[in-house]
>>> print(open('upload.txt').read())   # compact mmCIF, C-alpha atoms and all ligand atoms
# COMPACT_ATOMS: atom_id res chain seq x y z
CA MET K 1 20.12 81.82 -1.13
CA GLY K 2 21.34 82.67 2.37
CA PHE K 3 20.90 86.09 3.91
CA VAL K 4 22.84 89.05 2.56
CA LYS K 5 26.50 88.48 3.26
CA THR K 6 28.02 91.44 1.51
CA LEU K 7 25.81 94.39 0.78
CA LEU K 8 26.49 96.02 -2.56
CA PRO K 9 27.29 99.76 -2.44
CA VAL K 10 24.57 101.86 -4.07
CA GLY K 11 26.76 103.00 -6.97
CA ASP K 12 27.88 99.44 -7.71
CA ALA K 13 24.31 98.19 -7.67
CA LEU K 14 23.28 100.81 -10.22
CA ALA K 15 26.29 99.95 -12.40
CA ARG K 16 25.40 96.23 -12.26
CA ILE K 17 21.87 97.08 -13.41
CA LEU K 18 22.85 99.47 -16.19
CA GLU K 19 25.35 97.01 -17.61
CA ARG K 20 22.38 94.67 -18.25
CA VAL K 21 20.31 97.32 -20.03
CA GLU K 22 20.20 97.75 -23.76
CA ALA K 23 18.11 100.50 -25.34
CA LEU K 24 14.86 99.08 -26.71
CA PRO K 25 14.15 98.88 -30.46
CA THR K 26 13.09 102.08 -32.18
CA GLU K 27 9.79 103.21 -33.64
CA ARG K 28 8.63 106.29 -35.52
CA VAL K 29 6.12 108.45 -33.65
CA LYS K 30 4.25 111.67 -34.36
CA LEU K 31 5.71 114.77 -32.71
CA ALA K 32 2.61 115.00 -30.52
CA ASP K 33 3.51 111.63 -29.00
CA ALA K 34 7.23 112.35 -28.68
CA ALA K 35 7.37 114.78 -25.76
CA GLY K 36 9.90 113.72 -23.15
CA ARG K 37 11.20 110.80 -25.19
CA VAL K 38 14.73 110.32 -26.46
CA ASN K 39 15.54 111.00 -30.09
CA ALA K 40 17.12 107.88 -31.60
CA ALA K 41 18.41 109.00 -35.01
CA ALA K 42 20.13 112.17 -36.22
CA VAL K 43 17.73 114.69 -37.72
CA VAL K 44 18.64 117.31 -40.35
CA SER K 45 16.41 120.02 -41.68
CA PRO K 46 14.74 118.99 -44.95
CA VAL K 47 14.07 122.64 -45.85
CA ASP K 48 15.36 126.16 -45.40
CA VAL K 49 13.87 127.82 -42.31
CA PRO K 50 12.60 130.43 -42.84
CA PRO K 51 11.72 129.13 -46.32
CA PHE K 52 11.95 132.57 -47.93
CA GLN K 53 13.30 136.02 -47.16
CA SER K 54 10.75 137.60 -44.83
CA SER K 55 10.18 140.76 -42.83
CA SER K 56 10.72 140.65 -39.08
CA MET K 57 8.72 143.85 -38.53
CA ASP K 58 5.56 145.56 -39.62
CA GLY K 59 6.86 148.42 -41.81
CA TYR K 60 7.84 149.45 -45.33
CA ALA K 61 10.01 147.55 -47.73
CA VAL K 62 12.22 149.92 -49.73
CA ARG K 63 15.64 150.22 -51.36
CA ALA K 64 18.20 151.28 -48.74
CA ALA K 65 20.02 153.39 -51.32
CA ASP K 66 16.94 155.65 -51.65
CA LEU K 67 16.90 156.54 -47.94
CA PRO K 68 16.06 159.03 -46.50
CA GLY K 69 13.20 160.32 -48.63
CA VAL K 70 9.57 160.26 -49.63
CA PHE K 71 8.30 157.01 -51.16
CA THR K 72 5.20 156.12 -53.12
CA ILE K 73 3.32 153.21 -51.56
CA VAL K 74 2.73 150.83 -54.45
CA GLY K 75 1.25 147.86 -52.61
CA ARG K 76 0.93 145.73 -49.51
CA ALA K 77 2.59 142.44 -48.60
CA ALA K 78 0.78 140.35 -45.99
CA ALA K 79 2.00 137.15 -44.34
CA GLY K 80 0.88 134.04 -46.18
CA ARG K 81 0.70 135.62 -49.65
CA PRO K 82 3.22 135.11 -52.41
CA ALA K 83 5.12 138.27 -53.46
CA THR K 84 3.43 139.62 -56.58
CA MET K 85 5.08 142.97 -57.18
CA ALA K 86 8.55 144.45 -57.08
CA VAL K 87 9.83 147.62 -55.43
CA GLY K 88 11.30 150.18 -57.78
CA ALA K 89 13.20 153.43 -57.15
CA ARG K 90 11.47 155.61 -54.51
CA GLU K 91 8.74 153.03 -54.09
CA ALA K 92 7.65 151.34 -50.88
CA ILE K 93 5.54 148.32 -50.13
CA GLU K 94 3.72 148.19 -46.81
CA ILE K 95 4.77 144.87 -45.32
CA SER K 96 3.72 142.85 -42.27
CA THR K 97 5.83 140.61 -40.06
CA GLY K 98 6.43 137.28 -41.77
CA ALA K 99 5.53 138.46 -45.26
CA VAL K 100 7.75 137.76 -48.27
CA VAL K 101 10.15 140.68 -48.89
CA PRO K 102 9.33 141.86 -52.42
CA GLU K 103 11.78 141.76 -55.26
CA GLY K 104 13.87 144.96 -55.40
CA ALA K 105 13.54 145.81 -51.69
CA ASP K 106 16.63 145.35 -49.54
CA THR K 107 15.59 146.87 -46.21
CA VAL K 108 12.45 147.16 -44.09
CA VAL K 109 11.83 150.35 -42.13
CA PRO K 110 9.57 149.72 -39.10
CA VAL K 111 6.22 151.47 -39.08
CA GLU K 112 7.22 153.29 -35.88
CA ARG K 113 9.90 155.22 -37.81
CA VAL K 114 7.84 156.54 -40.73
CA GLU K 115 5.14 159.05 -41.45
CA VAL K 116 2.32 158.03 -43.78
CA ARG K 117 0.11 160.45 -45.75
CA LEU K 118 -2.35 158.90 -48.20
CA ASP K 119 -0.22 156.90 -50.62
CA GLU K 120 3.09 158.38 -49.53
CA VAL K 121 5.47 157.42 -46.76
CA THR K 122 8.18 159.74 -45.47
CA ILE K 123 11.27 158.19 -43.95
CA LEU K 124 13.69 160.61 -42.31
CA ASP K 125 16.57 158.26 -41.47
CA SER K 126 18.75 156.01 -43.50
CA ALA K 127 18.81 152.28 -42.69
CA PRO K 128 21.34 149.54 -43.19
CA LEU K 129 20.98 146.95 -45.94
CA ARG K 130 18.90 143.92 -44.93
CA ASP K 131 17.64 145.63 -41.77
CA ASN K 132 14.62 143.70 -40.37
CA ILE K 133 14.91 141.10 -43.10
CA ARG K 134 15.23 137.44 -42.15
CA GLY K 135 17.27 135.55 -44.71
CA ALA K 136 16.00 132.31 -46.20
CA GLY K 137 17.57 129.47 -44.17
CA GLY K 138 18.87 131.95 -41.59
CA ASP K 139 17.51 129.82 -38.72
CA ALA K 140 18.17 126.38 -40.21
CA PRO K 141 19.52 125.97 -43.73
CA VAL K 142 18.40 122.86 -45.61
CA GLY K 143 20.58 119.93 -44.52
CA SER K 144 21.68 121.50 -41.24
CA ASN K 145 21.87 119.34 -38.11
CA LEU K 146 18.91 119.71 -35.78
CA LEU K 147 19.23 116.84 -33.32
CA ALA K 148 21.67 114.05 -32.58
CA ALA K 149 20.68 110.59 -31.37
CA GLY K 150 20.37 110.51 -27.60
CA GLU K 151 18.99 114.01 -27.26
CA LEU K 152 15.86 114.53 -25.22
CA LEU K 153 12.74 115.68 -27.08
CA THR K 154 12.00 118.79 -25.05
CA PRO K 155 9.12 121.12 -25.94
CA ALA K 156 11.56 123.56 -27.58
CA ARG K 157 13.06 120.81 -29.72
CA LEU K 158 9.63 119.59 -30.79
CA GLY K 159 8.86 123.16 -31.82
CA ALA K 160 12.09 123.29 -33.81
CA LEU K 161 11.29 120.05 -35.65
CA ALA K 162 7.79 121.24 -36.47
CA ALA K 163 9.20 124.54 -37.77
CA CYS K 164 11.29 122.51 -40.18
CA GLY K 165 8.21 120.69 -41.43
CA ILE K 166 9.10 117.42 -39.70
CA GLU K 167 6.03 115.52 -38.49
CA SER K 168 7.53 112.46 -36.82
CA VAL K 169 10.70 111.26 -35.10
CA VAL K 170 12.41 107.98 -34.38
CA VAL K 171 12.53 107.11 -30.69
CA HIS K 172 13.22 104.02 -28.64
CA ARG K 173 9.93 102.40 -27.79
CA ARG K 174 8.51 102.74 -24.31
CA PRO K 175 9.35 99.95 -21.86
CA HIS K 176 6.41 97.74 -20.88
CA VAL K 177 6.44 97.29 -17.13
CA THR K 178 4.29 95.01 -15.03
CA VAL K 179 3.96 95.78 -11.34
CA VAL K 180 3.31 92.87 -9.00
CA VAL K 181 2.53 93.86 -5.43
CA THR K 182 2.64 90.92 -3.04
CA GLY K 183 1.04 90.49 0.36
CA THR K 184 -2.07 88.70 1.58
CA GLU K 185 -2.76 91.69 3.84
CA LEU K 186 -3.23 94.16 0.96
CA ARG K 187 -6.60 95.65 0.01
CA PRO K 188 -7.24 98.35 -2.60
CA PRO K 189 -8.15 101.83 -1.34
CA GLY K 190 -11.92 102.21 -1.29
CA GLU K 191 -12.58 98.79 0.19
CA THR K 192 -13.26 98.13 3.87
CA LEU K 193 -10.33 96.69 5.79
CA GLU K 194 -10.80 93.43 7.68
CA PRO K 195 -8.68 92.85 10.78
CA GLY K 196 -5.02 92.48 9.84
CA GLN K 197 -5.39 94.12 6.44
CA ILE K 198 -3.84 97.36 5.18
CA TYR K 199 -4.35 99.49 2.12
CA GLU K 200 -2.19 98.71 -0.87
CA SER K 201 -0.17 101.81 -1.66
CA ASN K 202 2.89 100.73 -3.63
CA GLY K 203 1.11 99.95 -6.89
CA VAL K 204 -0.17 103.42 -7.65
CA MET K 205 3.05 105.04 -6.43
CA LEU K 206 5.38 102.87 -8.48
CA ALA K 207 3.15 103.10 -11.56
CA ALA K 208 3.12 106.90 -11.34
CA LEU K 209 6.87 107.08 -10.95
CA MET K 210 7.54 104.73 -13.83
CA GLY K 211 4.92 106.28 -16.07
CA ALA K 212 6.65 109.62 -15.59
CA ALA K 213 9.92 107.94 -16.60
CA GLY K 214 8.39 106.97 -19.94
CA ALA K 215 7.15 103.44 -19.23
CA THR K 216 3.82 101.87 -20.10
CA VAL K 217 2.73 100.31 -16.84
CA VAL K 218 0.33 97.46 -16.12
CA ARG K 219 -0.61 96.68 -12.52
CA LEU K 220 -1.75 93.23 -11.51
CA ALA K 221 -4.14 92.72 -8.60
CA ALA K 222 -2.33 92.18 -5.30
CA THR K 223 -0.77 88.71 -5.17
CA GLU K 224 -1.32 86.51 -2.12
CA ASP K 225 1.60 85.06 -0.24
CA THR K 226 1.40 81.58 -1.73
CA GLU K 227 3.81 80.01 -4.18
CA GLU K 228 1.04 79.32 -6.70
CA ALA K 229 -0.23 82.88 -6.65
CA HIS K 230 3.30 84.23 -6.97
CA ALA K 231 4.10 81.88 -9.83
CA ALA K 232 0.96 82.88 -11.72
CA SER K 233 1.55 86.62 -11.32
CA LEU K 234 5.26 86.47 -12.04
CA GLU K 235 4.89 84.26 -15.11
CA GLU K 236 2.38 86.74 -16.54
CA ALA K 237 4.61 89.68 -15.63
CA LEU K 238 7.73 88.13 -17.16
CA ALA K 239 6.32 88.73 -20.63
CA SER K 240 7.10 92.45 -20.11
CA ASP K 241 10.36 94.30 -20.60
CA VAL K 242 10.54 95.00 -16.89
CA VAL K 243 8.98 93.32 -13.87
CA VAL K 244 8.77 95.26 -10.63
CA THR K 245 7.59 93.43 -7.54
CA SER K 246 7.00 94.84 -4.10
CA GLY K 247 7.20 92.90 -0.87
CA GLY K 248 8.19 89.33 -0.17
CA VAL K 249 11.85 89.85 -0.96
CA SER K 250 13.29 89.68 2.56
CA VAL K 251 13.98 86.70 4.82
CA GLY K 252 10.58 85.99 6.39
CA PRO K 253 8.75 82.68 5.93
CA HIS K 254 6.26 84.39 3.59
CA ASP K 255 8.91 86.07 1.46
CA LEU K 256 8.53 84.03 -1.69
CA VAL K 257 9.47 86.34 -4.53
CA ARG K 258 13.10 85.34 -5.05
CA HIS K 259 12.40 81.68 -4.59
CA VAL K 260 9.58 81.65 -7.14
CA GLN K 261 11.54 83.83 -9.55
CA ALA K 262 14.44 81.37 -9.42
CA ARG K 263 11.97 78.56 -10.19
CA LEU K 264 10.75 80.54 -13.21
CA GLY K 265 14.27 80.94 -14.55
CA VAL K 266 15.13 84.43 -13.35
CA GLU K 267 18.89 84.74 -12.92
CA GLU K 268 19.57 86.80 -9.80
CA VAL K 269 22.27 89.41 -10.39
CA PHE K 270 22.32 90.71 -6.84
CA TRP K 271 20.31 90.87 -3.65
CA GLY K 272 21.06 93.33 -0.87
CA VAL K 273 22.20 96.92 -1.24
CA ALA K 274 24.09 98.91 1.41
CA MET K 275 21.33 101.43 1.89
CA ARG K 276 18.51 102.36 4.21
CA PRO K 277 15.68 102.09 3.53
CA GLY K 278 15.50 99.37 0.95
CA LYS K 279 18.34 96.98 1.80
CA PRO K 280 16.78 93.68 0.66
CA LEU K 281 16.42 94.83 -2.94
CA ALA K 282 16.84 92.14 -5.58
CA PHE K 283 17.73 92.47 -9.24
CA GLY K 284 17.79 89.76 -11.86
CA CYS K 285 17.14 88.99 -15.50
CA ARG K 286 15.29 86.43 -17.55
CA GLY K 287 16.34 86.78 -21.15
CA LYS K 288 15.98 90.48 -21.90
CA THR K 289 13.48 91.04 -19.10
CA LEU K 290 14.78 93.03 -16.15
CA VAL K 291 13.35 91.92 -12.81
CA PHE K 292 13.37 94.21 -9.78
CA GLY K 293 12.33 92.95 -6.37
CA LEU K 294 11.57 95.96 -4.21
CA PRO K 295 10.90 95.60 -0.48
CA GLY K 296 7.29 96.01 0.58
CA ASN K 297 7.64 98.87 3.00
CA PRO K 298 6.37 101.77 0.94
CA VAL K 299 9.28 104.14 1.53
CA SER K 300 11.73 101.35 0.72
CA ALA K 301 9.85 100.63 -2.49
CA LEU K 302 9.84 104.33 -3.40
CA VAL K 303 13.56 104.76 -2.78
CA GLY K 304 14.47 101.56 -4.61
CA CYS K 305 12.38 102.61 -7.59
CA LEU K 306 13.93 106.09 -7.71
CA LEU K 307 17.50 104.89 -7.35
CA PHE K 308 17.45 101.77 -9.51
CA VAL K 309 14.29 101.15 -11.52
CA ARG K 310 13.88 104.64 -12.90
CA PRO K 311 17.47 104.78 -14.23
CA ALA K 312 16.97 101.38 -15.87
CA LEU K 313 13.78 102.61 -17.56
CA LEU K 314 15.55 105.74 -18.79
CA ALA K 315 18.40 103.64 -20.16
CA LEU K 316 15.89 101.39 -21.97
CA THR K 317 14.50 104.47 -23.69
CA GLY K 318 18.00 105.47 -24.80
CA HIS K 319 18.51 108.22 -22.25
CA PRO K 320 22.18 109.29 -22.34
CA ASP K 321 22.44 110.02 -18.62
CA PRO K 322 20.07 107.77 -16.70
CA ALA K 323 21.62 108.07 -13.22
CA PRO K 324 19.47 109.83 -10.62
CA PRO K 325 20.02 113.59 -10.91
CA PHE K 326 21.26 114.36 -7.41
CA ARG K 327 22.00 118.04 -6.78
CA PRO K 328 24.17 119.75 -4.18
CA GLY K 329 22.71 121.26 -1.03
CA THR K 330 23.50 122.05 2.59
CA LEU K 331 22.11 120.20 5.58
CA VAL K 332 20.37 122.44 8.08
CA ALA K 333 20.22 119.83 10.87
CA ALA K 334 22.58 117.11 12.03
CA VAL K 335 21.85 113.59 10.77
CA PRO K 336 23.31 110.44 12.32
CA GLN K 337 25.27 108.21 9.98
CA ARG K 338 25.36 104.44 9.86
CA PRO K 339 28.60 102.51 9.59
CA GLU K 340 27.59 100.05 6.87
CA ARG K 341 24.77 101.64 4.92
CA ASP K 342 24.03 104.87 3.12
CA ASP K 343 20.88 106.52 4.35
CA PHE K 344 18.29 108.09 2.04
CA VAL K 345 16.46 110.58 4.18
CA ARG K 346 13.23 112.33 3.24
CA ALA K 347 13.64 116.08 3.45
CA ARG K 348 12.27 119.42 2.52
CA VAL K 349 14.37 121.80 0.44
CA THR K 350 14.23 125.58 0.60
CA TRP K 351 16.33 127.89 -1.51
CA SER K 352 18.60 130.62 -0.20
CA GLU K 353 21.19 132.80 -1.92
CA GLU K 354 23.79 130.14 -1.12
CA GLY K 355 21.71 127.43 -2.75
CA ALA K 356 19.56 124.56 -1.51
CA LEU K 357 18.98 124.13 2.23
CA VAL K 358 17.99 120.59 3.08
CA GLU K 359 15.98 119.82 6.19
CA PRO K 360 15.09 116.22 7.08
CA ILE K 361 11.45 115.66 7.99
CA ILE K 362 10.34 114.01 11.20
CA GLY K 363 9.55 110.31 10.79
CA GLN K 364 12.10 108.37 8.77
CA GLU K 365 10.92 104.80 9.25
CA SER K 366 10.43 102.83 6.09
CA HIS K 367 6.69 102.23 6.60
CA MET K 368 6.02 105.97 7.07
CA ILE K 369 4.80 106.77 3.59
CA ALA K 370 2.16 109.17 4.93
CA ARG K 371 4.92 111.29 6.44
CA THR K 372 6.52 111.74 3.02
CA THR K 373 3.75 114.15 2.11
CA ALA K 374 5.85 116.69 4.03
CA ALA K 375 8.95 115.93 1.95
CA ASP K 376 9.98 117.00 -1.53
CA SER K 377 13.42 115.43 -1.66
CA LEU K 378 15.58 112.49 -0.78
CA VAL K 379 18.95 113.32 0.78
CA TRP K 380 21.87 110.97 0.40
CA ILE K 381 23.62 110.55 3.76
CA PRO K 382 26.76 108.52 3.05
CA ARG K 383 27.64 105.82 5.52
CA GLY K 384 30.11 106.87 8.19
CA PRO K 385 31.12 106.41 11.79
CA ASP K 386 29.47 109.43 13.28
CA VAL K 387 27.07 112.24 12.54
CA LEU K 388 26.78 114.49 9.53
CA ALA K 389 26.73 117.93 11.15
CA ALA K 390 24.45 120.79 10.26
CA GLY K 391 26.14 122.79 7.50
CA SER K 392 27.56 119.70 5.78
CA SER K 393 27.40 119.49 2.00
CA VAL K 394 25.01 116.80 0.82
CA ARG K 395 23.34 115.72 -2.38
CA PHE K 396 19.59 115.49 -2.82
CA LEU K 397 17.14 114.14 -5.35
CA SER K 398 13.78 115.75 -5.98
CA LEU K 399 10.83 113.46 -5.33
P1 LIG Z 1 7.36 92.69 3.04
O1 LIG Z 1 8.52 93.26 2.31
O2 LIG Z 1 6.46 91.88 2.19
O3 LIG Z 1 7.82 91.95 4.26
O4 LIG Z 1 6.50 93.90 3.54
C1 LIG Z 1 7.06 94.83 4.45
C2 LIG Z 1 5.98 95.73 4.98
O5 LIG Z 1 5.43 96.48 3.92
C3 LIG Z 1 4.81 95.01 5.60
O6 LIG Z 1 4.37 95.75 6.71
C4 LIG Z 1 3.79 95.00 4.51
O7 LIG Z 1 2.47 94.91 5.01
C5 LIG Z 1 4.02 96.31 3.84
N1 LIG Z 1 3.66 96.30 2.44
C6 LIG Z 1 4.02 95.35 1.55
N2 LIG Z 1 3.52 95.61 0.34
C7 LIG Z 1 2.82 96.75 0.46
C8 LIG Z 1 2.05 97.52 -0.44
N3 LIG Z 1 1.93 97.16 -1.73
N4 LIG Z 1 1.44 98.63 0.02
C9 LIG Z 1 1.57 98.98 1.32
N5 LIG Z 1 2.28 98.30 2.21
C10 LIG Z 1 2.89 97.18 1.81
MG MG Z 2 4.90 90.61 2.41
>>> encode(input="upload.txt", output="structure tokens", more="lines below")
Ligand code: AMP
Ligand code: MG
Amino acid sequence: MGFVKTLLPVGDALARILERVEALPTERVKLADAAGRVNAAAVVSPVDVPPFQSSSMDGYAVRAADLPGVFTIVGRAAAGRPATMAVGAREAIEISTGAVVPEGADTVVPVERVEVRLDEVTILDSAPLRDNIRGAGGDAPVGSNLLAAGELLTPARLGALAACGIESVVVHRRPHVTVVVTGTELRPPGETLEPGQIYESNGVMLAALMGAAGATVVRLAATEDTEEAHAASLEEALASDVVVTSGGVSVGPHDLVRHVQARLGVEEVFWGVAMRPGKPLAFGCRGKTLVFGLPGNPVSALVGCLLFVRPALLALTGHPDPAPPFRPGTLVAAVPQRPERDDFVRARVTWSEEGALVEPIIGQESHMIARTTAADSLVWIPRGPDVLAAGSSVRFLSL
């Protein structure tokens, strides 16, 4: 385990991770628990939607052939009631939106276009057949395809499934992630710092990011920089689908994570990515468990999690397109490039008629997590010999 000889390009590192990921087994969940998850099995409508021919307006159900004319109002049809009477010649039934269109009627004239006197309604215009009538199955006929496997369960799609009377869906189960933050110097927020200590900030940040990506996250208490403490935490964490560590993954004398993981049977797939921040990122597997070693500097941990862990979590949940959704934008200030590493620069995006304008924030060092409060995006500055000038096209990822 010498120091990084060849740094893996960012895209290659992601590919090496995704090739180790298999979508997790499926489970059936209620629609209320399915928001944001990935549908895992094709869904067809078990019923006609709408289930019956209904009115799309408040108005009068009549025979189109009798129009125009004066009609006798013979009844009312309200939503939620079965149709009890039929419409005969020169008869009208007052009907509300969503009510069953009565037998005999073949058009609905909106209330705004009629004149009512006692039990008579006068309609001065003719109307086409089936006007303002929703056909049974006109939205989704029984047996029609609603969703394919791999489609995201958006709010609109959940509404569609509910409209078809479906109460549950099959999804890939959520990944169980355990977060292990390492460092003897770490204290939880709320406690008083002793000399040499700092507040532990990666745990809450990584848990929030991964929770939003669909994972169930457990955080262990900060692990001291001893082999025994690392072994205990990592062994516990390795029971999960995914282990994410922070810190202790570089080349210092107290960087124990890779060493202890190797002892516990984690096969290292790679270590070292051609990026800044976050170069000494490690990825390995033990059985089906994916093991990510993120650097301890908070911005490095954040970037590594966004670029590599989040896509892996999405792939575990069956997401069809797990890669980070970078979008195009234009740099508003020059940014120096590095010859060997891509730079991920915190920035603020504003929108103009030409699209996104991306402005790097001041303070790009990898410990400067407090500065990221000013940022909403991460800009990908590809490695290069020189400077990326203002006006250059770039790609950015929302934070
Ligand atoms: P390491 O990767 O362990 O060498 O840590 C790099 C830097 O990040 C050091 O300054 C650590 O104190 C800091 N650091 C490590 N873990 C955390 C954490 N969980 N929260 C905040 N800072 C951390
Ligand atoms: Mg450390």
>>> residues_near_point(input="upload.txt", point="(8.3, 140.3, -42.0)", cutoff="10 Å", atoms="all atoms listed in the file", output="ChimeraX atom specification")
/K:53-61,77-79,95-101,108,110,132-134
>>> residues_around(input="upload.txt", residues="stretch 141-147 of chain K", least_positions_apart="3", cutoff="9 Å", atoms="all atoms listed in the file", output="count of residues only")
21
>>> atom_distance(input="upload.txt", atom1="atom CA of K:Gly265", atom2="atom CA of K:Leu302")
26.3 Å
>>> atom_distance(input="upload.txt", atom1="atom CA of K:Ser300", atom2="atom CA of K:Ser366")
5.7 Å
>>> closest_residue(input="upload.txt", among="K:Val87, K:Val273, K:Leu186, K:Leu220", to="ligand MG 2 (chain Z)", atoms="all atoms listed in the file")
K:Leu186
>>> build_atoms(input="upload.txt", residues="stretch 183-196 of chain K", atoms="N, CA, C and O atoms", output="tab-separated table (two decimals), in the frame of the given file")
chain	number	residue	atom	x	y	z
K	183	GLY	N	1.42	90.38	-1.06
K	183	GLY	CA	1.04	90.49	0.36
K	183	GLY	C	-0.43	90.15	0.53
K	183	GLY	O	-1.29	90.82	-0.04
K	184	THR	N	-0.69	89.12	1.31
K	184	THR	CA	-2.07	88.70	1.58
K	184	THR	C	-2.84	89.77	2.32
K	184	THR	O	-4.07	89.83	2.26
K	185	GLU	N	-2.11	90.65	3.01
K	185	GLU	CA	-2.76	91.69	3.84
K	185	GLU	C	-3.27	92.88	3.02
K	185	GLU	O	-3.92	93.76	3.57
K	186	LEU	N	-2.98	92.93	1.73
K	186	LEU	CA	-3.23	94.16	0.96
K	186	LEU	C	-4.64	94.24	0.42
K	186	LEU	O	-5.15	93.27	-0.17
K	187	ARG	N	-5.28	95.38	0.59
K	187	ARG	CA	-6.60	95.65	0.01
K	187	ARG	C	-6.52	96.97	-0.75
K	187	ARG	O	-5.83	97.89	-0.32
K	188	PRO	N	-7.27	97.07	-1.85
K	188	PRO	CA	-7.24	98.35	-2.60
K	188	PRO	C	-7.92	99.46	-1.81
K	188	PRO	O	-8.90	99.19	-1.09
K	189	PRO	N	-7.45	100.69	-1.94
K	189	PRO	CA	-8.15	101.83	-1.34
K	189	PRO	C	-9.60	101.82	-1.82
K	189	PRO	O	-9.88	101.46	-2.96
K	190	GLY	N	-10.50	102.22	-0.93
K	190	GLY	CA	-11.92	102.21	-1.29
K	190	GLY	C	-12.65	101.03	-0.70
K	190	GLY	O	-13.86	101.08	-0.52
K	191	GLU	N	-11.94	99.94	-0.44
K	191	GLU	CA	-12.58	98.79	0.19
K	191	GLU	C	-12.51	98.92	1.71
K	191	GLU	O	-11.76	99.74	2.23
K	192	THR	N	-13.29	98.11	2.41
K	192	THR	CA	-13.26	98.13	3.87
K	192	THR	C	-12.22	97.13	4.35
K	192	THR	O	-12.16	96.00	3.86
K	193	LEU	N	-11.39	97.57	5.29
K	193	LEU	CA	-10.33	96.69	5.79
K	193	LEU	C	-10.89	95.70	6.80
K	193	LEU	O	-11.65	96.08	7.70
K	194	GLU	N	-10.52	94.45	6.66
K	194	GLU	CA	-10.80	93.43	7.68
K	194	GLU	C	-9.62	93.46	8.66
K	194	GLU	O	-8.55	94.02	8.33
K	195	PRO	N	-9.79	92.86	9.84
K	195	PRO	CA	-8.68	92.85	10.78
K	195	PRO	C	-7.40	92.28	10.14
K	195	PRO	O	-7.46	91.27	9.43
K	196	GLY	N	-6.30	92.96	10.36
K	196	GLY	CA	-5.02	92.48	9.84
K	196	GLY	C	-4.70	92.99	8.44
K	196	GLY	O	-3.60	92.78	7.93
